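Structure file work_11.cif (mmCIF, C-alpha atoms) is printed below.
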data_my_file
#
loop_
_atom_site.group_PDB
_atom_site.id
_atom_site.type_symbol
_atom_site.label_atom_id
_atom_site.label_comp_id
_atom_site.auth_asym_id
_atom_site.auth_seq_id
_atom_site.Cartn_x
_atom_site.Cartn_y
_atom_site.Cartn_z
ATOM 1 C CA MET A 9 -41.623 -17.468 14.625
ATOM 2 C CA VAL A 10 -43.033 -15.939 11.533
ATOM 3 C CA GLY A 11 -40.560 -14.080 9.310
ATOM 4 C CA SER A 12 -37.478 -15.447 11.031
ATOM 5 C CA VAL A 13 -35.535 -18.273 9.425
ATOM 6 C CA LYS A 14 -32.396 -19.622 11.039
ATOM 7 C CA THR A 15 -29.881 -21.338 8.819
ATOM 8 C CA LEU A 16 -26.335 -22.524 9.200
ATOM 9 C CA VAL A 17 -25.245 -20.527 6.160
ATOM 10 C CA ARG A 18 -24.339 -16.858 6.430
ATOM 11 C CA PRO A 19 -25.887 -14.566 3.842
ATOM 12 C CA ALA A 20 -23.484 -13.794 1.009
ATOM 13 C CA GLY A 21 -21.395 -10.656 1.467
ATOM 14 C CA THR A 22 -22.029 -10.260 5.203
ATOM 15 C CA ASP A 23 -18.764 -11.729 6.480
ATOM 16 C CA ARG A 24 -15.677 -9.672 5.608
ATOM 17 C CA ARG A 25 -13.422 -10.244 8.524
ATOM 18 C CA PRO A 26 -9.877 -11.511 8.356
ATOM 19 C CA ARG A 27 -9.763 -15.268 8.595
ATOM 20 C CA LEU A 28 -7.442 -16.936 6.114
ATOM 21 C CA SER A 29 -5.439 -13.728 5.781
ATOM 22 C CA LEU A 30 -5.018 -13.584 9.559
ATOM 23 C CA TRP A 31 -3.818 -17.191 9.722
ATOM 24 C CA VAL A 32 -1.325 -16.601 6.921
ATOM 25 C CA LEU A 33 -0.111 -13.476 8.722
ATOM 26 C CA ARG A 34 0.139 -15.337 12.048
ATOM 27 C CA VAL A 35 2.201 -18.171 10.575
ATOM 28 C CA THR A 36 4.440 -15.800 8.609
ATOM 29 C CA ALA A 37 5.011 -13.583 11.661
ATOM 30 C CA THR A 38 5.813 -16.606 13.818
ATOM 31 C CA VAL A 39 8.367 -17.968 11.336
ATOM 32 C CA HIS A 40 9.786 -14.455 11.044
ATOM 33 C CA LEU A 41 10.059 -14.192 14.842
ATOM 34 C CA VAL A 42 11.863 -17.535 15.149
ATOM 35 C CA LEU A 43 14.414 -16.410 12.556
ATOM 36 C CA VAL A 44 14.834 -13.020 14.254
ATOM 37 C CA LEU A 45 15.418 -14.694 17.626
ATOM 38 C CA ALA A 46 17.961 -17.077 16.074
ATOM 39 C CA GLN A 47 20.152 -14.130 15.046
ATOM 40 C CA PRO A 48 21.493 -13.129 18.490
ATOM 41 C CA VAL A 49 22.101 -16.799 19.271
ATOM 42 C CA LEU A 50 24.176 -17.188 16.105
ATOM 43 C CA ALA A 51 26.041 -13.943 16.798
ATOM 44 C CA GLY A 52 26.771 -15.146 20.327
ATOM 45 C CA LEU A 53 28.095 -18.453 19.016
ATOM 46 C CA PHE A 54 30.408 -16.540 16.702
ATOM 47 C CA LEU A 55 31.657 -14.404 19.586
ATOM 48 C CA THR A 56 32.389 -17.499 21.671
ATOM 49 C CA GLY A 57 34.608 -18.980 18.973
ATOM 50 C CA SER A 58 32.374 -20.842 16.527
ATOM 51 C CA VAL A 59 33.599 -19.164 13.334
ATOM 52 C CA ASP A 60 31.041 -20.930 11.119
ATOM 53 C CA ALA A 61 28.176 -19.295 13.036
ATOM 54 C CA ILE A 62 28.757 -15.982 11.218
ATOM 55 C CA THR A 63 28.040 -17.715 7.910
ATOM 56 C CA ALA A 64 24.789 -19.037 9.331
ATOM 57 C CA HIS A 65 24.031 -15.563 10.750
ATOM 58 C CA ALA A 66 24.418 -14.065 7.262
ATOM 59 C CA GLY A 67 22.319 -16.845 5.706
ATOM 60 C CA VAL A 68 19.506 -16.346 8.181
ATOM 61 C CA ALA A 69 19.653 -12.604 7.448
ATOM 62 C CA GLY A 70 18.976 -13.342 3.772
ATOM 63 C CA VAL A 71 16.030 -15.560 4.651
ATOM 64 C CA LEU A 72 14.791 -12.857 7.025
ATOM 65 C CA GLY A 73 14.688 -10.399 4.136
ATOM 66 C CA ILE A 74 12.463 -12.803 2.230
ATOM 67 C CA THR A 75 10.184 -13.500 5.203
ATOM 68 C CA ALA A 76 9.915 -9.772 5.906
ATOM 69 C CA LEU A 77 8.727 -9.258 2.331
ATOM 70 C CA ALA A 78 6.256 -12.146 2.763
ATOM 71 C CA LEU A 79 5.115 -10.474 5.989
ATOM 72 C CA VAL A 80 4.361 -7.264 4.065
ATOM 73 C CA ALA A 81 2.380 -9.239 1.467
ATOM 74 C CA ALA A 82 0.441 -11.085 4.177
ATOM 75 C CA SER A 83 -0.301 -7.828 5.997
ATOM 76 C CA ILE A 84 -1.648 -6.294 2.767
ATOM 77 C CA ALA A 85 -4.064 -9.214 2.463
ATOM 78 C CA TYR A 86 -4.990 -8.840 6.149
ATOM 79 C CA VAL A 87 -5.695 -5.117 5.796
ATOM 80 C CA VAL A 88 -7.744 -5.656 2.621
ATOM 81 C CA ARG A 89 -9.880 -8.164 4.565
ATOM 82 C CA ARG A 90 -10.654 -5.443 7.152
ATOM 83 C CA GLY A 91 -7.770 -6.192 9.504
ATOM 84 C CA ARG A 92 -6.166 -3.461 11.610
ATOM 85 C CA LEU A 93 -4.530 -0.756 9.507
ATOM 86 C CA TRP A 94 -1.471 -0.248 11.738
ATOM 87 C CA VAL A 95 -0.136 -3.705 10.867
ATOM 88 C CA LEU A 96 0.847 -2.695 7.325
ATOM 89 C CA PRO A 97 3.117 0.267 8.125
ATOM 90 C CA VAL A 98 4.736 -1.695 10.960
ATOM 91 C CA THR A 99 5.588 -4.635 8.677
ATOM 92 C CA VAL A 100 6.873 -2.270 5.971
ATOM 93 C CA ALA A 101 9.068 -0.580 8.596
ATOM 94 C CA GLN A 102 10.332 -4.011 9.682
ATOM 95 C CA PHE A 103 11.210 -4.883 6.078
ATOM 96 C CA LEU A 104 13.122 -1.613 5.629
ATOM 97 C CA ALA A 105 14.840 -1.989 9.010
ATOM 98 C CA ILE A 106 15.998 -5.499 8.126
ATOM 99 C CA GLY A 107 17.485 -4.241 4.863
ATOM 100 C CA PHE A 108 19.292 -1.477 6.734
ATOM 101 C CA GLN A 109 20.341 -3.986 9.390
ATOM 102 C CA MET A 110 21.896 -6.210 6.746
ATOM 103 C CA ALA A 111 23.800 -3.253 5.294
ATOM 104 C CA LEU A 112 25.122 -2.331 8.749
ATOM 105 C CA GLY A 113 26.174 -5.928 9.386
ATOM 106 C CA TYR A 114 28.031 -6.361 6.116
ATOM 107 C CA SER A 115 29.807 -3.022 6.661
ATOM 108 C CA ARG A 116 30.736 -4.172 10.213
ATOM 109 C CA THR A 117 29.073 -1.100 11.781
ATOM 110 C CA LEU A 118 28.244 -2.850 15.028
ATOM 111 C CA GLY A 119 27.428 0.404 16.844
ATOM 112 C CA GLY A 120 24.213 0.570 14.795
ATOM 113 C CA HIS A 121 23.806 -3.111 13.968
ATOM 114 C CA VAL A 122 23.326 -4.313 17.555
ATOM 115 C CA PRO A 123 20.777 -1.687 18.743
ATOM 116 C CA LEU A 124 18.788 -1.998 15.523
ATOM 117 C CA GLY A 125 18.761 -5.764 15.990
ATOM 118 C CA VAL A 126 17.305 -5.314 19.471
ATOM 119 C CA ALA A 127 14.618 -3.005 18.056
ATOM 120 C CA ILE A 128 13.764 -5.446 15.255
ATOM 121 C CA ALA A 129 13.514 -8.334 17.732
ATOM 122 C CA SER A 130 11.310 -6.301 20.080
ATOM 123 C CA VAL A 131 8.895 -5.195 17.360
ATOM 124 C CA SER A 132 8.787 -8.688 15.834
ATOM 125 C CA LEU A 133 7.931 -10.176 19.224
ATOM 126 C CA LEU A 134 5.211 -7.628 19.975
ATOM 127 C CA VAL A 135 3.591 -8.004 16.544
ATOM 128 C CA ALA A 136 3.686 -11.813 16.643
ATOM 129 C CA VAL A 137 2.212 -11.944 20.152
ATOM 130 C CA TRP A 138 -0.556 -9.464 19.254
ATOM 131 C CA LEU A 139 -1.466 -11.445 16.126
ATOM 132 C CA TRP A 140 -2.237 -14.495 18.289
ATOM 133 C CA THR A 141 -4.657 -12.546 20.510
ATOM 134 C CA PRO A 142 -8.406 -12.495 19.831
ATOM 135 C CA ALA A 143 -8.152 -8.743 19.148
ATOM 136 C CA ALA A 144 -6.376 -9.472 15.858
ATOM 137 C CA ALA A 145 -9.473 -11.263 14.540
ATOM 138 C CA VAL A 146 -11.808 -8.337 15.212
ATOM 139 C CA PRO A 147 -12.357 -6.476 11.935
ATOM 140 C CA ARG A 148 -12.047 -2.724 11.575
ATOM 141 C CA GLY A 149 -15.242 -1.183 12.829
ATOM 142 C CA GLY A 150 -15.268 -3.469 15.868
ATOM 143 C CA ALA A 151 -18.240 -5.770 15.110
ATOM 144 C CA ARG A 152 -17.561 -9.481 14.987
#
Once more with this new file: its structure as C-alpha coordinates, please.
Amino acid sequence: MVGSVKTLVRPAGTDRRPRLSLWVLRVTATVHLVLVLAQPVLAGLFLTGSVDAITAHAGVAGVLGITALALVAASIAYVVRRGRLWVLPVTVAQFLAIGFQMALGYSRTLGGHVPLGVAIASVSLLVAVWLWTPAAAVPRGGAR
(Lines of atoms letter the chains of each structure in order from A and count residues from 1; the text may use other names and numbers.)
(Lines give C-alpha, C1' and ligand atoms only; values in the text may rest on other atoms or scores of the structure.)
Protein backbone atom coordinates (compact mmCIF):
# COMPACT_ATOMS: atom_id res chain seq x y z
CA MET A 1 0.00 0.00 0.00
CA VAL A 2 1.59 3.17 -1.16
CA GLY A 3 0.79 6.28 0.88
CA SER A 4 -0.72 4.39 3.80
CA VAL A 5 1.33 3.86 6.94
CA LYS A 6 -0.15 2.06 9.92
CA THR A 7 1.34 2.77 13.31
CA LEU A 8 0.38 2.03 16.87
CA VAL A 9 0.59 5.71 17.78
CA ARG A 10 -2.32 8.06 17.20
CA PRO A 11 -1.49 11.36 15.53
CA ALA A 12 -1.17 14.18 18.04
CA GLY A 13 -4.35 16.15 18.68
CA THR A 14 -6.74 13.61 17.14
CA ASP A 15 -7.97 11.99 20.36
CA ARG A 16 -10.02 14.31 22.59
CA ARG A 17 -12.46 11.99 24.20
CA PRO A 18 -13.01 11.60 27.90
CA ARG A 19 -10.79 8.91 29.33
CA LEU A 20 -9.09 9.83 32.58
CA SER A 21 -11.78 12.42 33.29
CA LEU A 22 -14.47 9.78 32.80
CA TRP A 23 -12.75 7.35 35.17
CA VAL A 24 -12.37 10.04 37.82
CA LEU A 25 -16.04 10.93 37.38
CA ARG A 26 -17.08 7.26 37.56
CA VAL A 27 -15.17 6.63 40.78
CA THR A 28 -16.37 9.88 42.37
CA ALA A 29 -19.99 9.18 41.41
CA THR A 30 -19.76 5.64 42.77
CA VAL A 31 -18.35 6.79 46.12
CA HIS A 32 -21.02 9.50 46.18
CA LEU A 33 -23.74 6.91 45.50
CA VAL A 34 -22.53 4.61 48.29
CA LEU A 35 -22.65 7.51 50.75
CA VAL A 36 -26.10 8.58 49.52
CA LEU A 37 -27.43 5.03 49.93
CA ALA A 38 -25.96 4.81 53.44
CA GLN A 39 -28.11 7.75 54.56
CA PRO A 40 -31.52 6.02 54.66
CA VAL A 41 -29.91 3.04 56.38
CA LEU A 42 -28.49 5.30 59.09
CA ALA A 43 -31.80 7.15 59.44
CA GLY A 44 -33.59 3.81 59.77
CA LEU A 45 -31.17 2.68 62.46
CA PHE A 46 -31.88 5.89 64.36
CA LEU A 47 -35.63 5.32 64.08
CA THR A 48 -35.28 1.78 65.42
CA GLY A 49 -33.51 2.97 68.56
CA SER A 50 -29.82 3.31 67.75
CA VAL A 51 -29.36 6.90 68.95
CA ASP A 52 -25.73 7.10 67.76
CA ALA A 53 -26.83 6.52 64.15
CA ILE A 54 -28.04 10.13 63.86
CA THR A 55 -24.50 11.33 64.57
CA ALA A 56 -23.21 9.10 61.80
CA HIS A 57 -26.04 10.31 59.54
CA ALA A 58 -24.93 13.92 60.10
CA GLY A 59 -21.26 13.00 59.56
CA VAL A 60 -22.00 11.25 56.29
CA ALA A 61 -24.01 14.32 55.21
CA GLY A 62 -20.89 16.46 55.68
CA VAL A 63 -18.80 14.05 53.63
CA LEU A 64 -21.55 14.00 51.00
CA GLY A 65 -21.24 17.76 50.64
CA ILE A 66 -17.54 17.34 49.92
CA THR A 67 -18.05 14.47 47.47
CA ALA A 68 -20.79 16.43 45.71
CA LEU A 69 -18.33 19.29 45.23
CA ALA A 70 -15.72 16.80 43.95
CA LEU A 71 -18.40 15.45 41.60
CA VAL A 72 -18.92 18.95 40.17
CA ALA A 73 -15.15 19.34 39.67
CA ALA A 74 -14.90 15.93 37.99
CA SER A 75 -17.85 16.71 35.73
CA ILE A 76 -16.21 19.99 34.66
CA ALA A 77 -13.13 18.02 33.61
CA TYR A 78 -15.35 15.48 31.83
CA VAL A 79 -17.23 18.17 29.91
CA VAL A 80 -13.99 19.95 28.94
CA ARG A 81 -12.73 16.63 27.50
CA ARG A 82 -15.83 16.49 25.24
CA GLY A 83 -18.05 14.53 27.61
CA ARG A 84 -21.83 14.96 27.60
CA LEU A 85 -22.90 18.48 28.55
CA TRP A 86 -25.94 17.47 30.65
CA VAL A 87 -23.70 15.91 33.31
CA LEU A 88 -22.49 19.29 34.60
CA PRO A 89 -25.86 20.90 35.40
CA VAL A 90 -27.09 17.65 36.96
CA THR A 91 -24.08 17.44 39.31
CA VAL A 92 -24.40 21.14 40.19
CA ALA A 93 -28.09 20.55 40.99
CA GLN A 94 -27.10 17.57 43.15
CA PHE A 95 -24.59 19.71 45.05
CA LEU A 96 -27.20 22.42 45.68
CA ALA A 97 -29.85 19.84 46.63
CA ILE A 98 -27.50 18.24 49.16
CA GLY A 99 -26.83 21.63 50.76
CA PHE A 100 -30.57 22.28 50.97
CA GLN A 101 -31.09 18.74 52.26
CA MET A 102 -28.61 19.34 55.06
CA ALA A 103 -30.37 22.57 56.01
CA LEU A 104 -33.73 20.77 56.12
CA GLY A 105 -32.26 17.99 58.25
CA TYR A 106 -30.66 20.28 60.80
CA SER A 107 -33.90 22.29 61.06
CA ARG A 108 -35.82 18.99 61.55
CA THR A 109 -38.11 19.74 58.58
CA LEU A 110 -38.73 16.10 57.76
CA GLY A 111 -41.65 16.88 55.43
CA GLY A 112 -39.10 18.19 52.91
CA HIS A 113 -36.03 16.29 54.07
CA VAL A 114 -37.36 12.80 53.29
CA PRO A 115 -38.76 13.45 49.77
CA LEU A 116 -35.66 15.42 48.79
CA GLY A 117 -33.52 12.55 50.04
CA VAL A 118 -35.44 10.15 47.80
CA ALA A 119 -34.91 12.49 44.83
CA ILE A 120 -31.18 12.83 45.56
CA ALA A 121 -30.81 9.05 45.85
CA SER A 122 -32.71 8.48 42.60
CA VAL A 123 -30.67 10.99 40.61
CA SER A 124 -27.39 9.76 42.12
CA LEU A 125 -28.26 6.19 41.15
CA LEU A 126 -29.25 7.09 37.59
CA VAL A 127 -26.13 9.21 37.01
CA ALA A 128 -23.78 6.58 38.47
CA VAL A 129 -25.33 3.78 36.42
CA TRP A 130 -25.20 5.84 33.21
CA LEU A 131 -21.54 6.73 33.79
CA TRP A 132 -20.64 3.02 33.74
CA THR A 133 -22.32 2.46 30.35
CA PRO A 134 -20.36 2.64 27.09
CA ALA A 135 -22.44 5.69 26.09
CA ALA A 136 -20.60 7.78 28.69
CA ALA A 137 -17.31 7.26 26.83
CA VAL A 138 -18.66 8.51 23.50
CA PRO A 139 -17.52 12.12 23.04
CA ARG A 140 -19.84 14.93 22.02
CA GLY A 141 -20.31 14.74 18.29
CA GLY A 142 -20.78 10.97 18.44
CA ALA A 143 -17.57 9.70 16.76
CA ARG A 144 -15.38 7.37 18.76
Quick one: which residues end up in the PyMOL selection byres ((chain A and resi 103-111) around 10) for this structure, as a PyMOL selection string? chain A and resi 44+66+69-70+72-80+97-102+112-118+120-125+127-128
Pull C-alpha atoms from the residues just selected and write them as a CSV table (one decimal), keeping the file's coordinate frame.
chain,number,residue,atom,x,y,z
A,44,VAL,CA,14.8,-13.0,14.3
A,66,ALA,CA,24.4,-14.1,7.3
A,69,ALA,CA,19.7,-12.6,7.4
A,70,GLY,CA,19.0,-13.3,3.8
A,72,LEU,CA,14.8,-12.9,7.0
A,73,GLY,CA,14.7,-10.4,4.1
A,74,ILE,CA,12.5,-12.8,2.2
A,75,THR,CA,10.2,-13.5,5.2
A,76,ALA,CA,9.9,-9.8,5.9
A,77,LEU,CA,8.7,-9.3,2.3
A,78,ALA,CA,6.3,-12.1,2.8
A,79,LEU,CA,5.1,-10.5,6.0
A,80,VAL,CA,4.4,-7.3,4.1
A,97,PRO,CA,3.1,0.3,8.1
A,98,VAL,CA,4.7,-1.7,11.0
A,99,THR,CA,5.6,-4.6,8.7
A,100,VAL,CA,6.9,-2.3,6.0
A,101,ALA,CA,9.1,-0.6,8.6
A,102,GLN,CA,10.3,-4.0,9.7
A,112,LEU,CA,25.1,-2.3,8.7
A,113,GLY,CA,26.2,-5.9,9.4
A,114,TYR,CA,28.0,-6.4,6.1
A,115,SER,CA,29.8,-3.0,6.7
A,116,ARG,CA,30.7,-4.2,10.2
A,117,THR,CA,29.1,-1.1,11.8
A,118,LEU,CA,28.2,-2.8,15.0
A,120,GLY,CA,24.2,0.6,14.8
A,121,HIS,CA,23.8,-3.1,14.0
A,122,VAL,CA,23.3,-4.3,17.6
A,123,PRO,CA,20.8,-1.7,18.7
A,124,LEU,CA,18.8,-2.0,15.5
A,125,GLY,CA,18.8,-5.8,16.0
A,127,ALA,CA,14.6,-3.0,18.1
A,128,ILE,CA,13.8,-5.4,15.3
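With only C-alpha atoms as the atoms that count, the minimum distance from Arg148 (chain A) to the choices A:Val126, A:Leu93, A:Ala51, A:Ala61 is reached by A:Leu93.
Residue nearest Leu134 (chain A), chosen from A:Ser83, A:Val146, A:Val95, A:Gly57 and counting only C-alpha atoms: A:Val95.
The residue that comes closest to Ile62 (chain A), out of A:Val49, A:Ala143, A:Ala136, A:Ile84 and on the basis of all atoms listed in the file, is A:Val49.
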Explicit residues for the PyMOL selection byres ((chain A and resi 140) around 12) (as an mmCIF file with C-alpha atoms, in the frame of the given file):
data_model
loop_
_atom_site.group_PDB
_atom_site.id
_atom_site.type_symbol
_atom_site.label_atom_id
_atom_site.label_comp_id
_atom_site.auth_asym_id
_atom_site.auth_seq_id
_atom_site.Cartn_x
_atom_site.Cartn_y
_atom_site.Cartn_z
ATOM 1 C CA LEU A 30 -5.018 -13.584 9.559
ATOM 2 C CA TRP A 31 -3.818 -17.191 9.722
ATOM 3 C CA VAL A 32 -1.325 -16.601 6.921
ATOM 4 C CA LEU A 33 -0.111 -13.476 8.722
ATOM 5 C CA ARG A 34 0.139 -15.337 12.048
ATOM 6 C CA VAL A 35 2.201 -18.171 10.575
ATOM 7 C CA THR A 36 4.440 -15.800 8.609
ATOM 8 C CA ALA A 37 5.011 -13.583 11.661
ATOM 9 C CA THR A 38 5.813 -16.606 13.818
ATOM 10 C CA LEU A 133 7.931 -10.176 19.224
ATOM 11 C CA LEU A 134 5.211 -7.628 19.975
ATOM 12 C CA VAL A 135 3.591 -8.004 16.544
ATOM 13 C CA ALA A 136 3.686 -11.813 16.643
ATOM 14 C CA VAL A 137 2.212 -11.944 20.152
ATOM 15 C CA TRP A 138 -0.556 -9.464 19.254
ATOM 16 C CA LEU A 139 -1.466 -11.445 16.126
ATOM 17 C CA THR A 141 -4.657 -12.546 20.510
ATOM 18 C CA PRO A 142 -8.406 -12.495 19.831
ATOM 19 C CA ALA A 143 -8.152 -8.743 19.148
ATOM 20 C CA ALA A 144 -6.376 -9.472 15.858
ATOM 21 C CA ALA A 145 -9.473 -11.263 14.540
ATOM 22 C CA VAL A 146 -11.808 -8.337 15.212
#
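Note that CA of Thr63 (chain A) and CA of Leu50 (chain A) are 9.1 Å apart.
Taking CA of Val42 (chain A) as the reference point, CA of Ala129 (chain A) is found at 9.7 Å.
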Could you work out an axis-aligned box for region 73-79 of chain A, taking every atom the file lists and adding 3 Å on each side, and report centre and edge lengths in Å to one decimal, as AutoDock Vina command-line options?
--center_x 9.9 --center_y -11.4 --center_z 4.1 --size_x 15.6 --size_y 10.2 --size_z 9.8
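Coordinates place CA of Ser132 (chain A) at a distance of 16.4 Å from CA of Arg92 (chain A).
When all atoms listed in the file are used to measure the gap to Ala46 (chain A), the shortest distance among A:Val71, A:Leu28, A:Val88, A:Val59 belongs to A:Val71.
Nearest-residue note for Pro147 (chain A): choosing from A:Phe54, A:Trp94, A:Arg89, A:Leu43, the minimum distance belongs to A:Arg89, counting all atoms listed in the file.
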